[in-house]
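The next block is model.csv, given as CSV, C-alpha atoms and all ligand atoms.
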chain,number,residue,atom,x,y,z
A,2,MET,CA,241.7,172.2,195.1
A,3,ASP,CA,242.0,172.5,191.3
A,4,LYS,CA,240.1,175.5,190.1
A,5,GLN,CA,238.5,173.4,187.4
A,6,VAL,CA,236.8,171.2,189.9
A,7,LEU,CA,233.2,172.1,190.6
A,8,LYS,CA,232.4,172.2,194.3
A,9,LEU,CA,228.7,172.0,195.1
A,10,ILE,CA,227.1,171.5,198.5
A,11,VAL,CA,223.6,170.2,199.1
A,12,ILE,CA,221.8,170.6,202.4
A,13,SER,CA,218.3,169.2,202.8
A,14,ASP,CA,215.5,168.9,205.4
A,15,LEU,CA,216.1,171.9,207.6
A,16,HIS,CA,212.6,171.7,209.2
A,17,ILE,CA,212.7,175.2,210.7
A,18,VAL,CA,210.0,176.0,213.3
A,19,PRO,CA,208.9,179.3,214.7
A,20,GLU,CA,210.9,180.8,217.6
A,21,GLY,CA,210.3,179.1,221.0
A,22,GLN,CA,209.4,175.7,219.3
A,23,LEU,CA,211.3,172.6,218.8
A,24,SER,CA,210.8,169.9,216.1
A,25,HIS,CA,210.7,166.4,217.7
A,26,SER,CA,212.8,167.9,220.5
A,27,LEU,CA,215.5,169.3,218.1
A,28,ASP,CA,216.4,173.0,217.8
A,29,THR,CA,216.4,173.0,214.0
A,30,THR,CA,217.5,176.6,213.6
A,31,GLU,CA,220.5,176.1,215.8
A,32,ARG,CA,221.3,173.0,213.7
A,33,LEU,CA,221.0,175.0,210.5
A,34,ASN,CA,223.2,177.8,211.8
A,35,LYS,CA,225.8,175.2,212.8
A,36,CYS,CA,225.6,173.9,209.3
A,37,ILE,CA,226.1,177.3,207.7
A,38,GLU,CA,229.0,178.0,210.1
A,39,PHE,CA,230.6,174.7,209.0
A,40,ILE,CA,230.3,175.7,205.4
A,41,ASN,CA,231.6,179.2,206.0
A,42,ASN,CA,234.6,177.8,208.0
A,43,TYR,CA,235.5,174.8,205.9
A,44,HIS,CA,234.1,175.4,202.4
A,45,ASP,CA,234.6,179.0,201.5
A,46,ASP,CA,235.6,177.9,198.0
A,47,VAL,CA,232.2,176.3,197.3
A,48,ASP,CA,230.7,177.4,194.0
A,49,TYR,CA,227.1,176.9,195.0
A,50,VAL,CA,225.1,175.7,198.0
A,51,VAL,CA,221.7,174.2,197.3
A,52,PHE,CA,219.0,174.0,200.0
A,53,GLY,CA,217.0,170.9,198.9
A,54,GLY,CA,213.6,171.4,200.5
A,55,ASP,CA,211.7,170.8,203.7
A,56,LEU,CA,212.9,174.2,204.6
A,57,ALA,CA,210.2,174.6,207.3
A,58,ASP,CA,208.7,171.8,209.4
A,59,ASN,CA,205.1,173.0,209.1
A,60,GLY,CA,205.4,175.8,206.5
A,61,GLU,CA,204.6,178.7,208.9
A,62,THR,CA,205.4,182.2,207.8
A,63,LYS,CA,207.2,182.7,211.2
A,64,ALA,CA,209.5,179.8,210.4
A,65,TYR,CA,210.3,181.3,207.0
A,66,HIS,CA,211.3,184.6,208.6
A,67,ARG,CA,213.7,182.7,210.8
A,68,LEU,CA,215.0,180.8,207.8
A,69,LYS,CA,215.6,184.1,206.0
A,70,GLU,CA,217.7,185.3,208.9
A,71,SER,CA,219.8,182.2,208.9
A,72,PHE,CA,220.3,182.3,205.1
A,73,GLY,CA,221.8,185.8,205.7
A,74,LEU,CA,224.7,184.1,207.6
A,75,LEU,CA,225.8,182.1,204.6
A,76,ASN,CA,228.8,183.6,202.7
A,77,SER,CA,228.3,181.6,199.5
A,78,PRO,CA,225.9,181.9,196.5
A,79,SER,CA,222.9,179.6,196.9
A,80,TYR,CA,219.7,178.2,195.4
A,81,LEU,CA,216.7,176.7,197.1
A,82,THR,CA,213.8,174.5,196.3
A,83,LEU,CA,210.8,173.2,198.3
A,84,GLY,CA,209.8,169.9,199.9
A,85,ASN,CA,206.6,168.3,201.1
A,86,HIS,CA,206.7,170.0,204.5
A,87,ASP,CA,206.8,173.5,202.9
A,88,ASN,CA,204.0,175.9,202.2
A,89,ARG,CA,204.5,177.6,198.9
A,90,GLU,CA,202.2,180.6,199.6
A,91,ASN,CA,203.8,181.3,203.0
A,92,PHE,CA,207.2,180.9,201.6
A,93,LEU,CA,206.5,183.4,198.8
A,94,GLU,CA,205.0,185.9,201.3
A,95,VAL,CA,208.4,186.0,203.1
A,96,PHE,CA,210.9,185.6,200.3
A,97,GLY,CA,209.0,187.3,197.5
A,98,GLN,CA,208.3,186.1,193.9
A,99,ILE,CA,211.6,184.2,193.3
A,100,GLN,CA,210.0,181.2,191.5
A,101,SER,CA,211.1,180.4,187.9
A,102,LYS,CA,209.2,182.4,185.4
A,103,GLU,CA,209.3,179.4,183.0
A,104,THR,CA,207.6,176.8,185.2
A,105,GLY,CA,206.1,178.8,188.1
A,106,LYS,CA,208.1,176.7,190.5
A,107,PHE,CA,211.5,176.6,192.1
A,108,ASP,CA,213.2,175.1,189.1
A,109,TYR,CA,216.6,176.5,188.1
A,110,TYR,CA,219.7,175.7,186.2
A,111,VAL,CA,223.2,177.1,186.3
A,112,ASP,CA,226.2,176.4,184.1
A,113,ILE,CA,229.6,176.3,185.7
A,114,LYS,CA,233.0,174.6,185.0
A,115,LYS,CA,231.6,172.5,182.1
A,116,HIS,CA,228.7,171.3,184.3
A,117,ARG,CA,225.0,172.1,184.3
A,118,ILE,CA,223.4,172.0,187.8
A,119,ILE,CA,219.6,171.5,187.6
A,120,ILE,CA,217.5,172.1,190.7
A,121,LEU,CA,213.9,170.8,190.5
A,122,ASP,CA,210.9,171.5,192.7
A,123,SER,CA,209.1,168.2,193.4
A,124,SER,CA,206.8,169.6,196.1
A,125,CYS,CA,203.2,169.1,195.0
A,126,PRO,CA,200.0,170.0,196.8
A,127,LYS,CA,198.2,167.0,195.3
A,128,TYR,CA,200.2,164.7,197.6
A,129,SER,CA,200.8,165.3,201.3
A,130,ALA,CA,204.2,163.7,201.5
A,131,ALA,CA,205.0,162.2,198.0
A,132,GLY,CA,206.5,164.3,195.2
A,133,PHE,CA,205.5,165.0,191.7
A,134,LEU,CA,206.9,166.9,188.6
A,135,GLU,CA,204.3,168.6,186.5
A,136,LYS,CA,204.3,168.3,182.7
A,137,ILE,CA,205.5,171.9,182.3
A,138,GLN,CA,208.5,171.0,184.6
A,139,LEU,CA,209.3,167.8,182.6
A,140,ASP,CA,209.2,169.7,179.3
A,141,TRP,CA,211.5,172.4,180.8
A,142,LEU,CA,213.8,169.7,182.1
A,143,ARG,CA,214.0,168.0,178.7
A,144,GLU,CA,214.9,171.3,177.1
A,145,LYS,CA,217.5,172.0,179.7
A,146,LEU,CA,219.1,168.6,179.3
A,147,THR,CA,219.0,168.6,175.5
A,148,GLN,CA,220.7,172.0,175.4
A,149,ALA,CA,223.5,170.8,177.6
A,150,ARG,CA,224.6,167.6,176.0
A,151,ASP,CA,228.2,168.8,176.0
A,152,LYS,CA,228.2,169.3,179.8
A,153,ALA,CA,228.1,166.9,182.8
A,154,VAL,CA,224.8,167.2,184.6
A,155,ILE,CA,224.0,167.1,188.3
A,156,ILE,CA,220.4,167.2,189.5
A,157,VAL,CA,219.1,168.1,192.9
A,158,LEU,CA,215.4,167.6,194.0
A,159,HIS,CA,213.8,167.0,197.3
A,160,HIS,CA,212.2,163.6,196.7
A,161,ASN,CA,214.1,160.5,196.0
A,162,PHE,CA,213.0,158.9,192.7
A,163,VAL,CA,214.0,155.3,193.6
A,164,ASP,CA,212.4,153.2,196.2
A,165,ALA,CA,215.1,152.6,198.8
A,166,HIS,CA,213.3,149.4,199.9
A,167,VAL,CA,212.2,151.1,203.2
A,168,LYS,CA,208.8,151.6,204.6
A,169,THR,CA,208.6,155.2,203.1
A,170,GLY,CA,208.8,153.7,199.6
A,171,ASN,CA,205.2,155.0,198.9
A,172,ILE,CA,206.1,158.7,199.3
A,173,ILE,CA,208.9,159.0,196.7
A,174,LEU,CA,208.6,161.0,193.5
A,175,LYS,CA,205.3,159.6,192.0
A,176,ASN,CA,206.2,159.9,188.4
A,177,ASN,CA,209.6,158.5,189.0
A,178,VAL,CA,209.7,156.2,185.9
A,179,GLU,CA,208.7,159.0,183.6
A,180,PHE,CA,211.4,161.2,185.2
A,181,ALA,CA,214.1,158.5,184.9
A,182,ASN,CA,213.2,157.7,181.3
A,183,LEU,CA,213.4,161.4,180.4
A,184,LEU,CA,216.9,161.7,181.9
A,185,ILE,CA,218.1,158.6,180.0
A,186,GLU,CA,216.6,159.8,176.7
A,187,SER,CA,217.7,163.4,176.9
A,188,HIS,CA,221.3,163.3,178.2
A,189,PRO,CA,224.3,161.0,178.0
A,190,GLU,CA,226.0,162.0,181.2
A,191,ILE,CA,223.8,162.5,184.2
A,192,ARG,CA,226.5,162.3,186.8
A,193,GLN,CA,224.2,162.3,189.9
A,194,VAL,CA,220.7,162.9,191.1
A,195,ILE,CA,220.8,164.0,194.7
A,196,SER,CA,217.8,164.1,197.1
A,197,GLY,CA,216.9,164.4,200.8
A,198,HIS,CA,213.5,163.5,202.0
A,199,ILE,CA,214.1,160.1,203.5
A,200,HIS,CA,216.6,161.4,206.1
A,201,MET,CA,219.0,158.6,205.3
A,202,THR,CA,222.4,158.3,203.6
A,203,SER,CA,222.2,156.1,200.5
A,204,SER,CA,223.6,155.7,197.0
A,205,GLY,CA,222.6,153.6,194.1
A,206,PHE,CA,221.8,153.3,190.4
A,207,TYR,CA,218.6,153.2,188.4
A,208,LYS,CA,218.5,152.3,184.7
A,209,GLY,CA,222.0,153.9,184.3
A,210,VAL,CA,221.4,156.9,186.4
A,211,PRO,CA,223.4,157.2,189.6
A,212,PHE,CA,221.7,158.7,192.6
A,213,SER,CA,222.3,159.5,196.3
A,214,THR,CA,220.4,160.7,199.3
A,215,LEU,CA,221.7,162.6,202.3
A,216,SER,CA,220.5,162.4,205.8
A,217,GLY,CA,220.1,166.2,206.0
A,218,SER,CA,219.9,168.7,208.8
A,219,HIS,CA,217.0,167.1,210.8
A,220,TYR,CA,216.9,163.8,212.6
A,221,ASN,CA,218.3,160.7,211.0
A,222,ILE,CA,216.3,157.5,210.4
A,223,GLU,CA,217.9,154.2,210.4
A,224,PRO,CA,216.5,152.4,207.3
A,225,THR,CA,213.5,150.2,208.2
A,226,LEU,CA,213.9,147.7,205.4
A,227,LYS,CA,211.2,145.6,203.8
A,228,TYR,CA,211.8,141.8,203.9
A,229,ALA,CA,211.4,139.8,200.7
A,230,ASP,CA,207.9,138.7,201.9
A,231,SER,CA,206.9,142.4,202.3
A,232,ARG,CA,207.1,142.3,206.1
A,233,LEU,CA,209.0,145.2,207.7
A,234,MET,CA,212.0,145.0,209.9
A,235,PRO,CA,211.1,145.8,213.6
A,236,PRO,CA,211.2,149.6,214.2
A,237,VAL,CA,214.7,151.0,214.2
A,238,PRO,CA,215.6,154.2,216.1
A,239,ARG,CA,215.6,157.7,214.8
A,240,ARG,CA,218.8,159.5,215.9
A,241,GLU,CA,219.8,163.1,216.7
A,242,GLY,CA,222.5,162.9,214.0
A,243,PRO,CA,224.3,163.0,211.9
A,244,GLY,CA,223.4,166.5,210.7
A,245,GLN,CA,224.8,166.0,207.2
A,246,ILE,CA,225.6,167.8,204.0
A,247,ALA,CA,226.6,166.4,200.6
A,248,VAL,CA,229.9,167.9,199.3
A,249,VAL,CA,230.0,167.2,195.6
A,250,LEU,CA,233.4,167.5,193.8
A,251,SER,CA,233.2,167.1,190.1
A,252,ASP,CA,235.5,167.5,187.1
A,253,LYS,CA,235.6,166.4,183.5
A,254,ASP,CA,236.0,162.7,184.3
A,255,SER,CA,234.7,162.1,187.8
A,256,THR,CA,232.2,163.0,190.4
A,257,VAL,CA,232.8,162.3,194.1
A,258,ILE,CA,230.4,163.0,196.9
A,259,HIS,CA,231.5,163.2,200.5
A,260,MET,CA,228.7,163.0,203.0
A,261,MET,CA,230.1,165.3,205.7
A,262,ASN,CA,228.7,165.5,209.2
A,263,PHE,CA,228.5,168.9,210.8
A,264,ILE,CA,226.7,167.3,213.8
A,265,ASP,CA,228.0,164.0,215.0
A,266,ARG,CA,225.6,163.3,217.9
A,267,HIS,CA,224.0,159.9,217.1
A,268,LEU,CA,221.8,159.4,220.2
A,269,PRO,CA,218.6,157.4,219.7
A,270,MET,CA,215.5,159.5,220.1
A,271,ALA,CA,212.5,158.5,222.2
A,272,GLN,CA,209.8,156.8,220.0
A,273,ASP,CA,207.0,158.9,221.6
A,274,LEU,CA,208.5,162.1,220.0
A,275,PHE,CA,207.0,160.8,216.8
A,276,GLY,CA,203.4,160.4,217.7
A,277,GLY,CA,201.8,157.6,215.7
A,278,TYR,CA,204.9,156.7,213.8
A,279,ASP,CA,206.8,153.6,214.7
A,301,FE,FE,212.2,166.1,205.7

As structure tokens, how would this structure be written, given the file I've shared?
Amino acid sequence: MDKQVLKLIVISDLHIVPEGQLSHSLDTTERLNKCIEFINNYHDDVDYVVFGGDLADNGETKAYHRLKESFGLLNSPSYLTLGNHDNRENFLEVFGQIQSKETGKFDYYVDIKKHRIIILDSSCPKYSAAGFLEKIQLDWLREKLTQARDKAVIIVLHHNFVDAHVKTGNIILKNNVEFANLLIESHPEIRQVISGHIHMTSSGFYKGVPFSTLSGSHYNIEPTLKYADSRLMPPVPRREGPGQIAVVLSDKDSTVIHMMNFIDRHLPMAQDLFGGYD
């Protein structure tokens, strides 16, 4: 690959649990380790790997200790941010104070190969599942975008900011319109906003901003779409796979995302593994 092409990998929704436990029948640590092995074997030229939140399933300290061990297997530089399943205090207890000094959250940026990669922390205790960006984060984001108008920008955050017309449309980024307007006002070339959270592969466009979601490392949900009269499709299966990463290849003119599957096992999962969910 041309040395001028940025290669970024996004992984999301690891949902690690303490040793001896499974998450909805899945060994999520084994899946993460497979993912890391896949990156080490096939993508040793990656510039950065971003772990996009829902690092732990229930935010336990023991789960973060396991996660730390798995991160140690990765050969490439990485960033991480949190999702709605994470527990900030427990995470910090295990990983130490690695939050951004500017916003007090896991918000970072890095400049590489004429790109600015921005990682945002949309996890917010005000909401149990939805996401939110505080004013201090939006101010920080505006500054980081304005400073980088000569670079292409790629943004990663846990929560999708566009309703994908599925039943989980109420747990997206709550201040999504404010976020999108800020992007449009502050930068002429947002190449992509990449999220996890909905455990589905999708891509789209919102007021000029292209976005995508990846299925991630946990189970995959077939989209339960809303009909035009607001009814929902009958329940569709969750599946054991794919376990998926987003491989982003970006140069001065183009940005391409390959959703690559490191686990290709698409078996439907039993509905009763998900308690009250349909
Ligand atoms: Fe998740």

When the cut-off is 6 Å and you count all atoms listed in the file, which residues lie near ligand FE 301 (chain A), shown as an mmCIF file with C-alpha atoms, keeping the file's coordinate frame?
data_model
loop_
_atom_site.group_PDB
_atom_site.id
_atom_site.type_symbol
_atom_site.label_atom_id
_atom_site.label_comp_id
_atom_site.auth_asym_id
_atom_site.auth_seq_id
_atom_site.Cartn_x
_atom_site.Cartn_y
_atom_site.Cartn_z
ATOM 1 C CA ASP A 14 215.500 168.900 205.400
ATOM 2 C CA ASP A 55 211.700 170.800 203.700
ATOM 3 C CA HIS A 198 213.500 163.500 202.000
#

Item to check | Expected answer as a list in words: all residues with atoms within 10 Å of (217.8, 163.5, 183.7), only C-alpha atoms | outcome: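 The residues near that point, listed by chain and number, are Ile119, Leu139, Leu142, Arg143, Lys145, Leu146, Thr147, Val154, Ile155, Ile156, Phe180, Ala181, Asn182, Leu183, Leu184, Ile185, Glu186, Ser187, His188, Pro189, Glu190, Ile191, Arg192, Gln193, Val194 and Val210 of chain A.
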
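Using only C-alpha atoms, the smallest distance between any of A:Ala165, A:Ala149, A:Ile264, A:Ala64 and Ser24 (chain A) comes from A:Ala64.
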
Checklist entry - Just how far from CA of Glu90 (chain A) is CA of Arg32 (chain A), in Å to one decimal? => result 24.9 Å

Item to check | Minimum-distance residue to Pro126 (chain A), chosen among A:Met270, A:Leu158, A:Gly84, A:Arg239 (using all atoms listed in the file) | outcome: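 Ranked by minimum distance to Pro126 (chain A), first place goes to A:Gly84.
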
Checklist entry - Given the choices A:Ile37, A:Asn91, A:Asp48, A:Cys125, which gets closest to Asp112 (chain A) if the distance is worked out from all atoms listed in the file? => result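 Once distances to Asp112 (chain A) are computed over all atoms listed in the file, the minimum belongs to A:Asp48.
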
Item to check | Interatomic distance, CA of Thr104 (chain A) to CA of Ile172 (chain A) (Å, one decimal) | outcome: 23.0 Å

Next on the checklist: I'd like the neighbourhood of Asp28 (chain A) as number ranges by chain, where a residue qualifies if any of its atoms comes within 12 Å (using only C-alpha atoms), though same-chain residues fewer than 5 positions away should be ignored.
Outcome noted: A: 15-23, 33-35, 58, 218-220, 241, 244
